[in-house]
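Data file: data14.pdb. Format and content: PDB, C-alpha atoms.
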```pdb
ATOM      1  CA  MET A 134     -77.643  58.252  86.582
ATOM      2  CA  THR A 135     -78.945  57.022  83.247
ATOM      3  CA  GLU A 136     -82.336  55.388  82.970
ATOM      4  CA  GLU A 137     -80.679  52.224  81.657
ATOM      5  CA  LYS A 138     -78.444  51.966  84.745
ATOM      6  CA  LYS A 139     -81.428  52.491  87.055
ATOM      7  CA  ARG A 140     -83.375  49.739  85.318
ATOM      8  CA  SER A 141     -80.481  47.258  85.435
ATOM      9  CA  GLN A 142     -80.777  46.786  89.201
ATOM     10  CA  TRP A 143     -82.565  43.540  90.174
ATOM     11  CA  PHE A 144     -82.940  42.356  93.776
ATOM     12  CA  VAL A 145     -84.235  39.324  95.620
ATOM     13  CA  VAL A 146     -86.836  40.290  98.225
ATOM     14  CA  HIS A 147     -87.565  37.880 101.083
ATOM     15  CA  VAL A 148     -91.302  37.645 101.867
ATOM     16  CA  LEU A 149     -93.454  35.554 104.172
ATOM     17  CA  ALA A 150     -93.781  32.017 102.831
ATOM     18  CA  GLY A 151     -97.217  31.304 101.433
ATOM     19  CA  LEU A 152     -97.980  35.003 100.928
ATOM     20  CA  GLU A 153     -95.801  35.552  97.860
ATOM     21  CA  GLN A 154     -98.725  36.203  95.496
ATOM     22  CA  LYS A 155    -100.439  38.511  97.977
ATOM     23  CA  VAL A 156     -97.257  40.560  98.536
ATOM     24  CA  CYS A 157     -96.598  40.670  94.776
ATOM     25  CA  ASP A 158    -100.141  41.917  94.064
ATOM     26  CA  ASN A 159     -99.876  44.445  96.910
ATOM     27  CA  LEU A 160     -96.582  45.827  95.564
ATOM     28  CA  VAL A 161     -97.973  46.161  92.036
ATOM     29  CA  LYS A 162    -101.065  47.965  93.362
ATOM     30  CA  ARG A 163     -98.998  50.282  95.594
ATOM     31  CA  ILE A 164     -96.638  51.150  92.703
ATOM     32  CA  LYS A 165     -99.625  52.685  90.909
ATOM     33  CA  THR A 166    -101.317  54.347  93.885
ATOM     34  CA  GLU A 167     -98.119  55.796  95.382
ATOM     35  CA  GLU A 168     -96.702  56.757  91.965
ATOM     36  CA  MET A 169     -93.534  54.665  92.360
ATOM     37  CA  SER A 170     -93.230  53.579  88.718
ATOM     38  CA  ASP A 171     -90.108  55.765  88.356
ATOM     39  CA  PHE A 172     -88.458  53.740  91.137
ATOM     40  CA  VAL A 173     -89.899  50.206  90.991
ATOM     41  CA  TYR A 174     -90.165  48.825  87.460
ATOM     42  CA  GLU A 175     -91.125  45.166  87.701
ATOM     43  CA  VAL A 176     -92.145  42.654  90.378
ATOM     44  CA  LEU A 177     -91.751  38.974  89.481
ATOM     45  CA  LEU A 178     -93.053  35.888  91.225
ATOM     46  CA  PRO A 179     -91.390  33.145  89.159
ATOM     47  CA  THR A 180     -93.759  30.195  88.768
ATOM     48  CA  GLU A 181     -94.237  27.178  86.544
ATOM     49  CA  ARG A 182     -97.287  25.175  85.563
ATOM     50  CA  VAL A 183     -97.122  21.570  86.690
ATOM     51  CA  SER A 184     -99.426  18.724  85.792
ATOM     52  CA  GLU A 185    -100.189  15.539  87.595
ATOM     53  CA  VAL A 186    -102.504  12.663  86.889
ATOM     54  CA  LYS A 187    -104.574  11.355  89.777
ATOM     55  CA  ARG A 188    -107.050   8.545  89.314
ATOM     56  CA  GLY A 189    -106.965   9.052  85.558
ATOM     57  CA  LYS A 190    -107.674  12.806  85.635
ATOM     58  CA  LYS A 191    -105.017  15.304  84.609
ATOM     59  CA  THR A 192    -104.848  18.467  86.721
ATOM     60  CA  GLU A 193    -102.671  21.564  86.367
ATOM     61  CA  THR A 194    -101.418  23.693  89.241
ATOM     62  CA  THR A 195     -98.905  26.498  89.636
ATOM     63  CA  ARG A 196     -95.717  25.959  91.624
ATOM     64  CA  LYS A 197     -93.305  28.684  92.765
ATOM     65  CA  PHE A 198     -89.616  28.466  91.726
ATOM     66  CA  PHE A 199     -88.416  30.178  94.889
ATOM     67  CA  PRO A 200     -90.950  29.913  97.724
ATOM     68  CA  GLY A 201     -90.586  32.892 100.049
ATOM     69  CA  TYR A 202     -88.952  35.205  97.499
ATOM     70  CA  LEU A 203     -89.859  37.794  94.865
ATOM     71  CA  ILE A 204     -87.535  39.201  92.204
ATOM     72  CA  VAL A 205     -87.848  42.992  91.878
ATOM     73  CA  ASN A 206     -86.396  45.367  89.286
ATOM     74  CA  MET A 207     -85.976  48.726  91.018
ATOM     75  CA  TRP A 208     -83.729  51.740  91.355
ATOM     76  CA  LEU A 209     -82.229  51.151  94.802
ATOM     77  CA  PHE A 210     -78.671  52.535  94.490
ATOM     78  CA  ASP A 211     -77.700  55.936  93.085
ATOM     79  CA  ASP A 212     -74.437  56.942  91.339
ATOM     80  CA  GLN A 213     -72.565  57.098  94.662
ATOM     81  CA  SER A 214     -73.815  53.614  95.663
ATOM     82  CA  GLN A 215     -76.060  55.151  98.310
ATOM     83  CA  LEU A 216     -79.511  53.692  98.997
ATOM     84  CA  VAL A 217     -82.433  55.516  97.411
ATOM     85  CA  ASP A 218     -84.508  56.024 100.576
ATOM     86  CA  ARG A 219     -87.860  56.293  98.827
ATOM     87  CA  THR A 220     -87.437  52.876  97.175
ATOM     88  CA  TRP A 221     -85.896  51.270 100.281
ATOM     89  CA  TYR A 222     -88.782  52.288 102.562
ATOM     90  CA  PHE A 223     -91.415  51.551  99.925
ATOM     91  CA  ILE A 224     -90.289  47.910  99.786
ATOM     92  CA  LYS A 225     -89.472  47.523 103.507
ATOM     93  CA  ASP A 226     -92.836  48.989 104.584
ATOM     94  CA  THR A 227     -94.838  46.582 102.433
ATOM     95  CA  VAL A 228     -96.858  44.129 104.515
ATOM     96  CA  GLY A 229     -95.354  40.648 104.226
ATOM     97  CA  VAL A 230     -91.835  41.763 103.248
ATOM     98  CA  ILE A 231     -89.132  40.426 105.564
ATOM     99  CA  GLY A 232     -86.142  42.047 103.865
ATOM    100  CA  PHE A 233     -83.668  41.838 101.031
ATOM    101  CA  ALA A 234     -81.312  39.014 100.154
ATOM    102  CA  GLY A 235     -77.820  40.129 101.095
ATOM    103  CA  THR A 236     -76.713  41.672 104.356
ATOM    104  CA  LYS A 237     -79.130  43.238 106.852
ATOM    105  CA  ASP A 238     -78.535  46.835 105.831
ATOM    106  CA  ARG A 239     -77.052  46.413 102.345
ATOM    107  CA  PRO A 240     -78.986  44.496  99.663
ATOM    108  CA  ILE A 241     -76.876  42.799  97.017
ATOM    109  CA  PRO A 242     -78.079  43.254  93.426
ATOM    110  CA  MET A 243     -78.286  40.227  91.158
ATOM    111  CA  ARG A 244     -75.597  39.869  88.488
ATOM    112  CA  ASP A 245     -76.669  40.462  84.880
ATOM    113  CA  SER A 246     -75.949  36.825  84.015
ATOM    114  CA  GLU A 247     -78.221  35.663  86.880
ATOM    115  CA  VAL A 248     -80.998  37.998  85.765
ATOM    116  CA  GLN A 249     -80.806  36.853  82.137
ATOM    117  CA  ALA A 250     -80.760  33.168  83.139
ATOM    118  CA  LEU A 251     -83.730  33.661  85.461
ATOM    119  CA  LEU A 252     -85.787  35.600  82.904
ATOM    120  CA  SER A 253     -85.159  33.025  80.170
ATOM    121  CA  GLN A 254     -86.066  30.224  82.591
ATOM    122  CA  VAL A 255     -89.312  32.024  83.522
ATOM    123  CA  ARG A 256     -90.246  32.534  79.850
ATOM    124  CA  GLU A 257     -89.437  28.927  78.999
ATOM    125  CA  ARG A 258     -91.498  27.520  81.860
ATOM    126  CA  GLU A 259     -94.473  29.773  81.099
ATOM    127  CA  GLU A 260     -94.843  27.996  77.761
ATOM    128  CA  HIS A 261     -94.456  24.395  78.930
ATOM    129  CA  VAL A 262     -96.293  22.318  81.500
ATOM    130  CA  THR A 263     -93.988  19.998  83.439
ATOM    131  CA  PRO A 264     -95.019  16.875  85.317
ATOM    132  CA  LYS A 265     -95.256  17.402  89.085
ATOM    133  CA  ILE A 266     -93.452  14.170  89.773
ATOM    134  CA  SER A 267     -90.688  13.224  87.407
ATOM    135  CA  PHE A 268     -89.195   9.784  87.130
ATOM    136  CA  SER A 269     -86.257   8.598  85.096
ATOM    137  CA  ILE A 270     -85.705   5.365  83.240
ATOM    138  CA  GLY A 271     -83.772   2.885  85.357
ATOM    139  CA  GLU A 272     -84.969   4.434  88.627
ATOM    140  CA  THR A 273     -86.129   2.044  91.353
ATOM    141  CA  VAL A 274     -89.662   2.730  92.594
ATOM    142  CA  LYS A 275     -92.046   1.140  95.069
ATOM    143  CA  VAL A 276     -95.631   0.372  94.062
ATOM    144  CA  ALA A 277     -97.934   2.170  96.511
ATOM    145  CA  ASP A 278    -101.330   1.084  95.178
ATOM    146  CA  GLY A 279    -102.941  -1.741  93.248
ATOM    147  CA  PRO A 280    -102.333  -5.498  93.053
ATOM    148  CA  PHE A 281     -98.531  -5.084  93.204
ATOM    149  CA  GLU A 282     -98.587  -2.885  96.312
ATOM    150  CA  SER A 283     -95.284  -2.770  98.289
ATOM    151  CA  GLN A 284     -93.374  -4.443  95.421
ATOM    152  CA  SER A 285     -90.228  -2.738  94.152
ATOM    153  CA  GLY A 286     -89.608  -2.296  90.464
ATOM    154  CA  VAL A 287     -87.508  -0.506  87.891
ATOM    155  CA  VAL A 288     -88.924   2.180  85.570
ATOM    156  CA  GLU A 289     -88.608   0.953  81.971
ATOM    157  CA  GLU A 290     -90.749   3.502  80.078
ATOM    158  CA  ILE A 291     -92.331   6.887  80.859
ATOM    159  CA  ASP A 292     -95.431   8.409  79.227
ATOM    160  CA  PRO A 293     -95.757  11.950  80.667
ATOM    161  CA  GLU A 294     -98.744  12.790  78.419
ATOM    162  CA  ARG A 295    -100.883  10.094  80.035
ATOM    163  CA  GLY A 296     -99.116  10.183  83.414
ATOM    164  CA  LYS A 297     -98.155   6.505  83.159
ATOM    165  CA  LEU A 298     -95.056   4.436  83.780
ATOM    166  CA  ARG A 299     -94.104   0.969  82.618
ATOM    167  CA  VAL A 300     -92.397  -0.686  85.571
ATOM    168  CA  SER A 301     -90.573  -4.006  85.642
ATOM    169  CA  VAL A 302     -91.758  -5.862  88.778
ATOM    170  CA  SER A 303     -90.525  -9.270  89.936
ATOM    171  CA  ILE A 304     -93.449 -11.715  90.294
ATOM    172  CA  PHE A 305     -92.736 -15.316  91.283
ATOM    173  CA  GLY A 306     -89.083 -14.791  90.392
ATOM    174  CA  ARG A 307     -89.856 -13.485  86.911
ATOM    175  CA  SER A 308     -89.601  -9.910  85.681
ATOM    176  CA  THR A 309     -92.977  -8.645  84.449
ATOM    177  CA  LEU A 310     -93.816  -5.281  82.864
ATOM    178  CA  VAL A 311     -96.701  -3.477  84.573
ATOM    179  CA  ASP A 312     -98.382  -0.233  83.465
ATOM    180  CA  LEU A 313     -98.952   2.101  86.418
ATOM    181  CA  GLU A 314    -100.016   5.705  86.866
ATOM    182  CA  TYR A 315     -97.691   8.208  88.552
ATOM    183  CA  TRP A 316     -99.829   8.316  91.682
ATOM    184  CA  GLN A 317     -99.539   4.527  92.093
ATOM    185  CA  VAL A 318     -95.768   4.622  92.665
ATOM    186  CA  GLU A 319     -93.362   6.369  94.993
ATOM    187  CA  ARG A 320     -89.616   6.691  95.069
ATOM    188  CA  ALA A 321     -87.960   3.689  96.737
TER     189      ALA A 321
END
```
Would you write out, as structure tokens, the structure that this file holds?
Amino acid sequence: MTEEKKRSQWFVVHVLAGLEQKVCDNLVKRIKTEEMSDFVYEVLLPTERVSEVKRGKKTETTRKFFPGYLIVNMWLFDDQSQLVDRTWYFIKDTVGVIGFAGTKDRPIPMRDSEVQALLSQVREREEHVTPKISFSIGETVKVADGPFESQSGVVEEIDPERGKLRVSVSIFGRSTLVDLEYWQVERA
């Protein structure tokens, strides 16, 4: 089997939720110590940076695309479509790994188009910070804090840089524009 064919096999590995980073780090460490770099090429935990503004302060956190899953590039099937035992047991015996996406005894590799879409999405989201909560213009929201608490309104403008919304709220039968921060509103 050519090296290119070996490296074209990508799989989704199901891991314990909340331990994705720990399992990812453990796999990367074990690849080096157990000399598995000829079998397991890359371990990905797709994440994105998200920002939110609370009480006027902007904070950034990391959010997982697929909680409970890792994407792994490895040589798992040989020319005769038989499992490569060394790779199979290396992954299965890793603490925190539940199994592979697919059937119980037969993992299903990702299609090339899926892999390319995922990798481009990961690269794109590494560069940009997205708001944790996203609103759209025309969306109905409920004010959760401040003088207009429990009033419903319609989002008229969005300022993601400052984490603010301009919401049209009905006061005494008249529509009034109010500037609110993301944390002051919730979806209606």
With the cut-off set at 6 Å and counting only C-alpha atoms, tabulate each residue of region 282-308 of chain A with an atom at most that distance from an atom of region 256-276 of chain A, showing the nearest atom pair and its distance in Å to one decimal, ordered by chain and increasing number, as a Markdown table.
```
| residue | atom | partner | partner_atom | distance |
| --- | --- | --- | --- | --- |
| A:Glu282 | CA | A:Val276 | CA | 4.9 |
| A:Ser283 | CA | A:Val276 | CA | 5.3 |
| A:Gln284 | CA | A:Val276 | CA | 5.5 |
| A:Ser285 | CA | A:Lys275 | CA | 4.4 |
| A:Gly286 | CA | A:Val274 | CA | 5.5 |
| A:Val287 | CA | A:Thr273 | CA | 4.5 |
| A:Val288 | CA | A:Ile270 | CA | 5.1 |
| A:Glu289 | CA | A:Ile270 | CA | 5.4 |
```
Option closest in space to Lys191 (chain A), from A:Glu168, A:Trp221, A:Val311, A:Arg295 [counting only C-alpha atoms]:
A:Arg295
Could you tell me which residues the PyMOL selection byres ((chain A and resi 136) around 12) returns for this structure, as an MDAnalysis selection string?
chainID A and resid 134:135 137:142 171:172 174 207:208 211:212
Could you write out that same residue set with C-alpha atoms as a PDB file, keeping the file's coordinate frame?
```pdb
ATOM      1  CA  MET A 134     -77.643  58.252  86.582  1.00  0.00           C
ATOM      2  CA  THR A 135     -78.945  57.022  83.247  1.00  0.00           C
ATOM      3  CA  GLU A 137     -80.679  52.224  81.657  1.00  0.00           C
ATOM      4  CA  LYS A 138     -78.444  51.966  84.745  1.00  0.00           C
ATOM      5  CA  LYS A 139     -81.428  52.491  87.055  1.00  0.00           C
ATOM      6  CA  ARG A 140     -83.375  49.739  85.318  1.00  0.00           C
ATOM      7  CA  SER A 141     -80.481  47.258  85.435  1.00  0.00           C
ATOM      8  CA  GLN A 142     -80.777  46.786  89.201  1.00  0.00           C
ATOM      9  CA  ASP A 171     -90.108  55.765  88.356  1.00  0.00           C
ATOM     10  CA  PHE A 172     -88.458  53.740  91.137  1.00  0.00           C
ATOM     11  CA  TYR A 174     -90.165  48.825  87.460  1.00  0.00           C
ATOM     12  CA  MET A 207     -85.976  48.726  91.018  1.00  0.00           C
ATOM     13  CA  TRP A 208     -83.729  51.740  91.355  1.00  0.00           C
ATOM     14  CA  ASP A 211     -77.700  55.936  93.085  1.00  0.00           C
ATOM     15  CA  ASP A 212     -74.437  56.942  91.339  1.00  0.00           C
TER      16      ASP A 212
END
```
Quick one: residues within 8 Å of Cys157 (chain A), all atoms listed in the file, excluding same-chain residues fewer than 4 positions away - as a ChimeraX atom specification?
/A:153,161,176-178,203
With distances taken over only C-alpha atoms, which of A:Phe223, A:Phe198, A:Phe281, A:Phe305 is nearest to Gln254 (chain A)?
A:Phe198
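Selection check: the PyMOL selection byres ((chain A and resi 204) around 9) on the shown file gives Trp143, Phe144, Val145, Val146, His147, Glu175, Val176, Leu177, Leu178, Pro179, Tyr202, Leu203, Val205 and Asn206 of chain A.
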